[in-house]
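For reference, the structure is listed below as structure tokens.
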Amino acid sequence: MDVIVCHLNADFDCLSSMLGARKIYHQAIPVFPGSQERKVREFLQTFEPLDIMKAREIDLERVTRLIIVDTKNPQRLGPFGEVALSGRVKLHIYDHHPVKEDDLRGEVEVIEDTGATATIFTEIIREKKIPLTPMDATVLCLGIYEETGSLRFPTTTERDLLAAAYLLRNGANLNIVSEYIKAELSREELRLLNELVASSRDLLLYGIRIRIVKAARDEYFGDVAHLAHRIMDMEHVDALVMLLAMEGKVVMVGRSRVPELDVAEVLGEFGGGGHPVAASATLSDEPLELIEERLVRKIKETVKPQRQAKDIMTAPVITIQWKTTIKKAESVMTRYGVNVLPVLKGEKYYGLLSREIVEKALFHGFGRSRAYEFATTDAEVTHPEAPVAEVESVMIEQNQRFMPVIEDGRVVGAITRTDLLRDLYEETLRRSRIQKEGLIERPAMGKNIAKLMTERFPNEIVALLRTAGEVADTLGCSVYLVGGSVRDLLMGERNLDIDIVVEGDGIEFARRLADRIGGVKLITHKRFNTAKIRFTEKAGLKMPAPDFTIDIATARTEYYEAPAMLPKVETSSIKKDLYRRDFTINAIAVKLNTREFGQLIDYFGAQRDLREKTIRVLHNLSFVEDPTRAFRAVRFAERFGFKINKHTENLIKSALRLNLFERVSGTRIYDELALTFRETAPVRALKSLARYGLLQVIHPGLKFTETLEETLEAVHESLAWFDLLFLEEEIDRSRVYIMGLLTGLGLEERKAALERLSTPRRDMSTILDEMEKAGEVMKELRTRDPVKIHHTLKPLSLETLLYTMAVSDDRQIKKAISVYLLELRKVKPALRGRDLMAMGIRPGPLYSKIFDAILEERLRGRIRSREEEVAFVRDFIKGGIDDERVS
């Protein structure tokens, strides 16, 4: 005999699941193992959607197969629990609750992450195309609506919504649903709610507020789970456990908004189960006070602080030795932009030295005194596993803005007020998402974009990044994907430039990663602690392109000994590494370690500026340290259609007023221009550079006039035309644009501009000569003679030809260059020297005359084949060619 059974105190999800199971197991008998909720009893008194027997009406010995719905816990099956554990019957299990160790295991198991078991059956019915009556659809809808709080509970999934929509199309009556799932409270329910609220007891563990409420009733009260939701909505608590004694038993209902407390685990202690966010249990009558004591102990065992000091601390930390002078300490603070320095005695922590103390000491003339003489030695410290809530409490109570994180006497990190504020902000956002979307996830610094990475990166790249995270785990270090690929990922753009930053030894990490992948080429640079991994055909992971390369660097900070100088670089943390970057939109990273894979790291508002389409520097000295960032700001603004924010614009103007660009080498400016030339709309970018006065950094006489704009547009069109027709040929685009940019200047001004760009002498001569030749060539090209066109243009480089095409206003000249590039430059004699020797012609100056004559004949179209060339040569030797044809 087949029996369909659900859990004790059956709710509408039980009823609807039993109906769904009956549609699949036609001969099975639905049986309630015990009582039903009041609303279910009232519904069955009015409607009879299916025949359901009572447990006492079943001969348990005759049961051969149990179809268990909406539970896997044998303790919740009443008399059928022993049958399920006997081992003599087959078990088919359908449930939406998370799997636990002591759950029943079945021959068939359909365990899905949905808001209701009714959803699972609806999907099966839809897939098998099993017909439904309007009453069938209504009962299934009741199960979904009750279990998901009318599709409002955090556990609601997209599948529940689709299932409900399918049932509505099949005639589900929402009037009936709303009558039995109505939200209004009866007078008795309202009285009970007030009693529960009045009995409130709060536990505060690791910053998590957990409320316990309890009440007792002599009579059976029916469904009370919705009262727990009412209290959660009314009160600002993270979790709630409700105890209600009635009719010789105690009903426990748990709800949680935070991942630190899994209520299913808590109520599992009492024989209950459910989800991490919603669970329940029923136990035999015993004093509520004793149950509450057990409950409090279990909660304290279960709650685990998921945010610890090590999760939000900055590491490594800039430190000084205890005998460092106060003057030197002030220099270190300025160099690295910090306001507090941990003082070490050897490798052990000694105390803290603040900028305020240093400045006062210097004011009083103690510059040569030692750091230990002024260090604060009684400041509070913490350890890596300390709960963030504990750190927060101490820092606020002690008014301490910087807390060292100490392990075995060594400084392994530090937490600042900024770290705490950011963590508080992120935690607020996370809890908001949990309430709105039902997300229960480990709190992270920002959102997790692992799903986005999987969707937008090729599978090979995702596999590579996950492998990098696994390797970092084995080394005990943190590893991040940084820069443009992260920025473009968030913008929906494709960018496979993979840059990885390691908080640790970048070269050692690269070696381990290369060994793990296998078949790759590793290139290291010990001076900068960076590496490249180049993939080959033998690589263990196949990449989207041949010779695919990833860059690996050690997290570093940098300081500038003078404005516009190249920076000095030192090992640091990911936060400092991101802070040294040019703009907020590029100061963003994704953690790759297995546990936090996909965690977005955004300390400086990159997401905000991407949303607002804004280019913003990270600090006020950005252009003082590296003035070429001004060129980059314009380039990014034009590429993405962003605006440079007002403050950043003012800083660019200040850099110009301070003549900071005079200290920048011409090579660096040329490199920035070259990158600008490669943009999709380089002319627009150059125009913006001119608007900010940045073109005059190259030469004061460089003005972006209407004529110059037309010239540069013509250069852009010429290059686009060439790229379209000659895919295999490469040209120096920058040289063509530079020539276009300098067109309006005189010879001496051009020289000065090229010198400012640190152009090598040979390249400078080439550019100046080519610009001069372009002018001479234009005088010679007013002809249709293909021979003259060929002879005039052949000595010129492709760059000169494209520049000439761009600056010429004469259509005939443009056409002549076009014909040369498309046709004439490819024309060559088919015969070679050995062919002439075979014809009996001795090598000598005559060969050149013969080949020149053949070339002219081919250019004029009078010779089209090798045979015609042979005949032409024979005539030429015999003197049969008139002078005019060989002139």
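Following the order of the structure tokens, chains are lettered A, B, ..., residues in each are numbered from 1, and ligands are numbered from 1.
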Query raised in the report: If you count only C-alpha atoms, which residues fall within 12 Å of Lys328 in chain A, apart from same-chain ones fewer than 2 positions away, as a list of chain:residue names?
Result: A:Thr319, A:Ile320, A:Gln321, A:Trp322, A:Lys323, A:Thr324, A:Thr325, A:Ile326, A:Glu330, A:Ser331, A:Val332, A:Met333, A:Thr334, A:Arg335, A:Leu341, A:Arg355, A:Val358, A:Glu359, A:Leu362, A:Phe366, A:Gly367, A:Arg368, A:Ser369, A:Arg370, A:Ala371
Output for the residues just chosen: N, CA, C and O atoms as a CSV table (one decimal), in the first residue's frame:
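In the end it all went to selection-v7.csv:
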chain,number,residue,atom,x,y,z
A,319,THR,N,54.6,50.9,10.0
A,319,THR,CA,55.0,51.0,11.4
A,319,THR,C,56.4,51.7,11.4
A,319,THR,O,57.1,51.9,10.4
A,320,ILE,N,56.8,52.0,12.7
A,320,ILE,CA,58.2,52.5,12.9
A,320,ILE,C,58.8,51.8,14.1
A,320,ILE,O,58.0,51.3,14.9
A,321,GLN,N,60.1,51.8,14.2
A,321,GLN,CA,60.7,51.2,15.3
A,321,GLN,C,60.8,52.2,16.5
A,321,GLN,O,60.7,53.4,16.3
A,322,TRP,N,60.9,51.7,17.7
A,322,TRP,CA,60.7,52.5,18.9
A,322,TRP,C,61.8,53.6,19.0
A,322,TRP,O,61.5,54.6,19.7
A,323,LYS,N,63.0,53.4,18.4
A,323,LYS,CA,64.0,54.4,18.5
A,323,LYS,C,64.0,55.4,17.3
A,323,LYS,O,64.9,56.2,17.2
A,324,THR,N,63.0,55.3,16.5
A,324,THR,CA,62.9,56.3,15.4
A,324,THR,C,62.7,57.7,16.0
A,324,THR,O,61.9,57.9,16.9
A,325,THR,N,63.3,58.7,15.4
A,325,THR,CA,63.1,60.1,15.9
A,325,THR,C,61.8,60.6,15.5
A,325,THR,O,61.1,60.1,14.6
A,326,ILE,N,61.3,61.6,16.3
A,326,ILE,CA,60.0,62.2,16.1
A,326,ILE,C,60.0,62.9,14.7
A,326,ILE,O,59.0,62.8,14.0
A,330,GLU,N,57.4,62.0,11.7
A,330,GLU,CA,56.6,63.0,11.0
A,330,GLU,C,56.8,62.8,9.4
A,330,GLU,O,55.8,62.9,8.7
A,331,SER,N,58.0,62.5,9.0
A,331,SER,CA,58.2,62.3,7.6
A,331,SER,C,57.5,61.1,7.1
A,331,SER,O,56.9,61.1,6.0
A,332,VAL,N,57.5,60.0,7.8
A,332,VAL,CA,56.9,58.8,7.4
A,332,VAL,C,55.3,59.0,7.3
A,332,VAL,O,54.7,58.5,6.4
A,333,MET,N,54.8,59.7,8.3
A,333,MET,CA,53.3,60.0,8.3
A,333,MET,C,53.0,60.8,7.0
A,333,MET,O,52.0,60.5,6.3
A,334,THR,N,53.8,61.8,6.7
A,334,THR,CA,53.5,62.6,5.5
A,334,THR,C,53.7,61.8,4.2
A,334,THR,O,52.9,61.9,3.3
A,335,ARG,N,54.7,61.0,4.2
A,335,ARG,CA,55.0,60.2,3.0
A,335,ARG,C,53.9,59.2,2.7
A,335,ARG,O,53.5,59.1,1.5
A,341,LEU,N,50.8,55.8,13.8
A,341,LEU,CA,51.8,54.8,13.5
A,341,LEU,C,52.0,53.9,14.7
A,341,LEU,O,52.2,54.4,15.8
A,355,ARG,N,49.7,61.7,14.9
A,355,ARG,CA,50.2,62.9,14.3
A,355,ARG,C,50.1,64.1,15.2
A,355,ARG,O,50.9,65.0,15.3
A,358,VAL,N,53.0,64.1,17.5
A,358,VAL,CA,54.2,64.4,16.8
A,358,VAL,C,54.3,65.8,16.5
A,358,VAL,O,55.4,66.5,16.7
A,359,GLU,N,53.2,66.5,16.1
A,359,GLU,CA,53.3,67.9,15.8
A,359,GLU,C,53.5,68.7,17.0
A,359,GLU,O,54.3,69.7,17.0
A,362,LEU,N,57.2,68.3,17.9
A,362,LEU,CA,58.1,69.2,17.0
A,362,LEU,C,58.0,70.6,17.4
A,362,LEU,O,59.0,71.4,17.4
A,366,PHE,N,61.2,68.8,20.1
A,366,PHE,CA,61.7,67.5,20.5
A,366,PHE,C,61.8,66.6,19.2
A,366,PHE,O,61.6,65.4,19.2
A,367,GLY,N,62.3,67.2,18.1
A,367,GLY,CA,62.4,66.5,16.9
A,367,GLY,C,63.4,65.3,16.9
A,367,GLY,O,63.2,64.3,16.2
A,368,ARG,N,64.4,65.5,17.8
A,368,ARG,CA,65.4,64.4,17.9
A,368,ARG,C,65.1,63.3,18.9
A,368,ARG,O,65.8,62.4,19.1
A,369,SER,N,64.0,63.6,19.7
A,369,SER,CA,63.6,62.6,20.7
A,369,SER,C,63.1,61.3,20.0
A,369,SER,O,62.7,61.3,18.8
A,370,ARG,N,63.0,60.2,20.7
A,370,ARG,CA,62.7,58.9,20.2
A,370,ARG,C,61.1,58.7,20.3
A,370,ARG,O,60.5,59.2,21.2
A,371,ALA,N,60.7,57.8,19.4
A,371,ALA,CA,59.2,57.6,19.3
A,371,ALA,C,58.7,57.0,20.6
A,371,ALA,O,57.6,57.3,21.1
Query - Long-range neighbours of Val296 in chain A as a PyMOL selection string, 12 Å cut-off, only C-alpha atoms, 2 positions minimum in chain - result: chain A and resi 201-205+210-213+240-241+266-267+269+289-294+298-303
Query - range 141-147 of chain A surroundings by only C-alpha atoms, 7 Å radius, close-in-sequence under 3 positions cut, as an MDAnalysis selection string - result: chainID A and resid 12:13 16 115:116 118:119 137:138 150:151 160 164 167 172 177 181
File dump, residues just selected, C-alpha atoms, as a short mmCIF file (atom, residue, chain, number, x, y, z; two decimals), in the first residue's frame:
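What follows is the written file selection_5.cif:
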data_model
loop_
_atom_site.label_atom_id
_atom_site.label_comp_id
_atom_site.auth_asym_id
_atom_site.auth_seq_id
_atom_site.Cartn_x
_atom_site.Cartn_y
_atom_site.Cartn_z
CA PHE A 12 -1.84 24.43 3.67
CA ASP A 13 1.54 23.55 2.16
CA SER A 16 -1.52 21.21 -1.35
CA GLY A 115 9.40 28.97 -0.89
CA ALA A 116 6.88 26.11 -0.75
CA ALA A 118 3.55 23.14 -3.41
CA THR A 119 5.75 24.94 -5.92
CA ALA A 137 -5.18 24.94 -8.73
CA THR A 138 -6.73 26.80 -5.80
CA SER A 150 1.42 35.85 -0.04
CA LEU A 151 4.75 35.96 -1.89
CA ASP A 160 7.11 30.41 -6.55
CA ALA A 164 1.46 30.87 -8.81
CA LEU A 167 -2.06 28.08 -11.25
CA ALA A 172 -7.09 29.21 -9.12
CA VAL A 177 -7.14 31.98 -1.19
CA ILE A 181 -4.82 33.50 4.05
#
Report task. Give me the residues within 10 Å of Lys815 in chain A as a ChimeraX atom specification, counting only C-alpha atoms and dropping any in the same chain fewer than 6 places off. Result -> /A:781,784,805,821
Report task. Find the residue from A:Asn73, A:Thr156, A:Ser734, A:Thr743 that sits nearest to Arg105 in chain A; use only C-alpha atoms when measuring. Result ->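 Smallest separation from Arg105 in chain A among the options: A:Asn73.
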Report task. Please measure the separation of CA of His699 in chain A and CA of Ala753 in chain A, giving the value in Å to one decimal. Result -> 5.3 Å
Report task. Tell me, as a PyMOL selection string, which residues lie within 7 Å of Thr554 in chain A, counting only C-alpha atoms; anything in the same chain fewer than 5 positions away does not count. Result -> chain A and resi 501-506+529-530+571
Query raised in the report: If you count only C-alpha atoms, which residues fall within 12 Å of Leu193 in chain A, apart from same-chain ones fewer than 6 positions away, as an MDAnalysis selection string?
Result: chainID A and resid 185:187 199:200 213:216 224:232 234 242:244
Report task. Quick one: everything within 8 Å of Thr628 in chain A, counting only C-alpha atoms, minus sequence neighbours fewer than 4 positions away in the same chain. Send it as a list in words. Result -> Phe623, Arg632, Phe661, Val664, Arg668, Ile669 and Glu672 of chain A
Writing out the chosen residues with N, CA, C and O atoms as a PDB file, in the first residue's frame:
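Printed below is selection36.pdb as written:
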ATOM      1  N   PHE A 623      47.073  65.156  -9.078  1.00  0.00           N
ATOM      2  CA  PHE A 623      47.750  65.719 -10.251  1.00  0.00           C
ATOM      3  C   PHE A 623      49.119  66.307  -9.900  1.00  0.00           C
ATOM      4  O   PHE A 623      49.962  66.482 -10.777  1.00  0.00           O
ATOM      5  N   ARG A 632      44.616  61.334 -18.809  1.00  0.00           N
ATOM      6  CA  ARG A 632      43.810  60.120 -18.637  1.00  0.00           C
ATOM      7  C   ARG A 632      42.367  60.466 -18.276  1.00  0.00           C
ATOM      8  O   ARG A 632      41.432  59.808 -18.721  1.00  0.00           O
ATOM      9  N   PHE A 661      53.357  70.404 -15.298  1.00  0.00           N
ATOM     10  CA  PHE A 661      53.621  69.593 -16.491  1.00  0.00           C
ATOM     11  C   PHE A 661      55.043  69.805 -17.018  1.00  0.00           C
ATOM     12  O   PHE A 661      55.553  68.971 -17.757  1.00  0.00           O
ATOM     13  N   VAL A 664      57.218  66.935 -16.117  1.00  0.00           N
ATOM     14  CA  VAL A 664      56.896  65.619 -16.647  1.00  0.00           C
ATOM     15  C   VAL A 664      57.708  65.367 -17.908  1.00  0.00           C
ATOM     16  O   VAL A 664      57.792  66.233 -18.787  1.00  0.00           O
ATOM     17  N   ARG A 668      56.425  60.445 -21.278  1.00  0.00           N
ATOM     18  CA  ARG A 668      55.174  60.098 -20.589  1.00  0.00           C
ATOM     19  C   ARG A 668      53.987  60.818 -21.224  1.00  0.00           C
ATOM     20  O   ARG A 668      52.898  60.251 -21.337  1.00  0.00           O
ATOM     21  N   ILE A 669      54.206  62.067 -21.637  1.00  0.00           N
ATOM     22  CA  ILE A 669      53.119  62.789 -22.316  1.00  0.00           C
ATOM     23  C   ILE A 669      52.818  62.135 -23.662  1.00  0.00           C
ATOM     24  O   ILE A 669      51.654  61.952 -24.044  1.00  0.00           O
ATOM     25  N   GLU A 672      50.735  59.055 -23.213  1.00  0.00           N
ATOM     26  CA  GLU A 672      49.323  59.355 -22.970  1.00  0.00           C
ATOM     27  C   GLU A 672      48.619  59.763 -24.270  1.00  0.00           C
ATOM     28  O   GLU A 672      47.474  59.384 -24.514  1.00  0.00           O
TER      29      GLU A 672
END
Requested in this report: Identify, with DSSP run on backbone atoms, the residues in range 320-444 of chain A assigned to alpha helix (DSSP H), and express the list as a PyMOL selection string.
Outcome: chain A and resi 326-336+355-363+388-397+417-437
Selection export as a JSON list (two decimals), in the first residue's frame, atoms kept: C-alpha atoms:
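The file below, result28.json, is the result:
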[["chain", "number", "residue", "atom", "x", "y", "z"],
["A", 326, "ILE", "CA", 60.02, 62.21, 16.08],
["A", 327, "LYS", "CA", 61.23, 64.14, 13.01],
["A", 328, "LYS", "CA", 61.54, 60.89, 11.06],
["A", 329, "ALA", "CA", 58.11, 59.75, 12.28],
["A", 330, "GLU", "CA", 56.57, 62.97, 10.95],
["A", 331, "SER", "CA", 58.25, 62.31, 7.58],
["A", 332, "VAL", "CA", 56.85, 58.77, 7.44],
["A", 333, "MET", "CA", 53.34, 60.01, 8.26],
["A", 334, "THR", "CA", 53.52, 62.59, 5.47],
["A", 335, "ARG", "CA", 55.03, 60.18, 2.97],
["A", 336, "TYR", "CA", 52.34, 57.54, 3.44],
["A", 355, "ARG", "CA", 50.19, 62.92, 14.28],
["A", 356, "GLU", "CA", 48.78, 65.25, 16.92],
["A", 357, "ILE", "CA", 51.45, 64.16, 19.42],
["A", 358, "VAL", "CA", 54.20, 64.35, 16.78],
["A", 359, "GLU", "CA", 53.26, 67.90, 15.77],
["A", 360, "LYS", "CA", 53.17, 69.08, 19.37],
["A", 361, "ALA", "CA", 56.53, 67.42, 20.08],
["A", 362, "LEU", "CA", 58.06, 69.15, 17.05],
["A", 363, "PHE", "CA", 56.55, 72.47, 18.13],
["A", 388, "VAL", "CA", 33.48, 43.54, 14.90],
["A", 389, "ALA", "CA", 30.74, 44.54, 17.36],
["A", 390, "GLU", "CA", 33.22, 44.16, 20.22],
["A", 391, "VAL", "CA", 35.82, 46.28, 18.42],
["A", 392, "GLU", "CA", 33.21, 48.90, 17.63],
["A", 393, "SER", "CA", 32.08, 49.07, 21.26],
["A", 394, "VAL", "CA", 35.62, 49.53, 22.60],
["A", 395, "MET", "CA", 36.60, 52.16, 20.03],
["A", 396, "ILE", "CA", 33.48, 54.21, 20.73],
["A", 397, "GLU", "CA", 33.70, 53.90, 24.51],
["A", 417, "ARG", "CA", 37.00, 54.66, 12.40],
["A", 418, "THR", "CA", 36.64, 54.79, 8.63],
["A", 419, "ASP", "CA", 36.81, 50.99, 8.51],
["A", 420, "LEU", "CA", 34.06, 50.80, 11.15],
["A", 421, "LEU", "CA", 31.84, 53.33, 9.38],
["A", 422, "ARG", "CA", 32.21, 51.50, 6.07],
["A", 423, "ASP", "CA", 31.44, 48.17, 7.71],
["A", 424, "LEU", "CA", 28.38, 49.67, 9.42],
["A", 425, "TYR", "CA", 27.20, 51.10, 6.09],
["A", 426, "GLU", "CA", 27.71, 47.80, 4.26],
["A", 427, "GLU", "CA", 25.97, 45.90, 7.05],
["A", 428, "THR", "CA", 23.00, 48.26, 6.84],
["A", 429, "LEU", "CA", 22.78, 47.71, 3.08],
["A", 430, "ARG", "CA", 23.07, 43.95, 3.52],
["A", 431, "ARG", "CA", 20.28, 43.80, 6.08],
["A", 432, "SER", "CA", 18.13, 45.97, 3.86],
["A", 433, "ARG", "CA", 18.66, 43.49, 1.01],
["A", 434, "ILE", "CA", 17.78, 40.60, 3.32],
["A", 435, "GLN", "CA", 14.49, 42.26, 4.27],
["A", 436, "LYS", "CA", 13.63, 43.21, 0.69],
["A", 437, "GLU", "CA", 14.95, 40.21, -1.23]]
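CA of Ile58 in chain A to CA of Val108 in chain A spans 22.9 Å [interatomic distance, one decimal].
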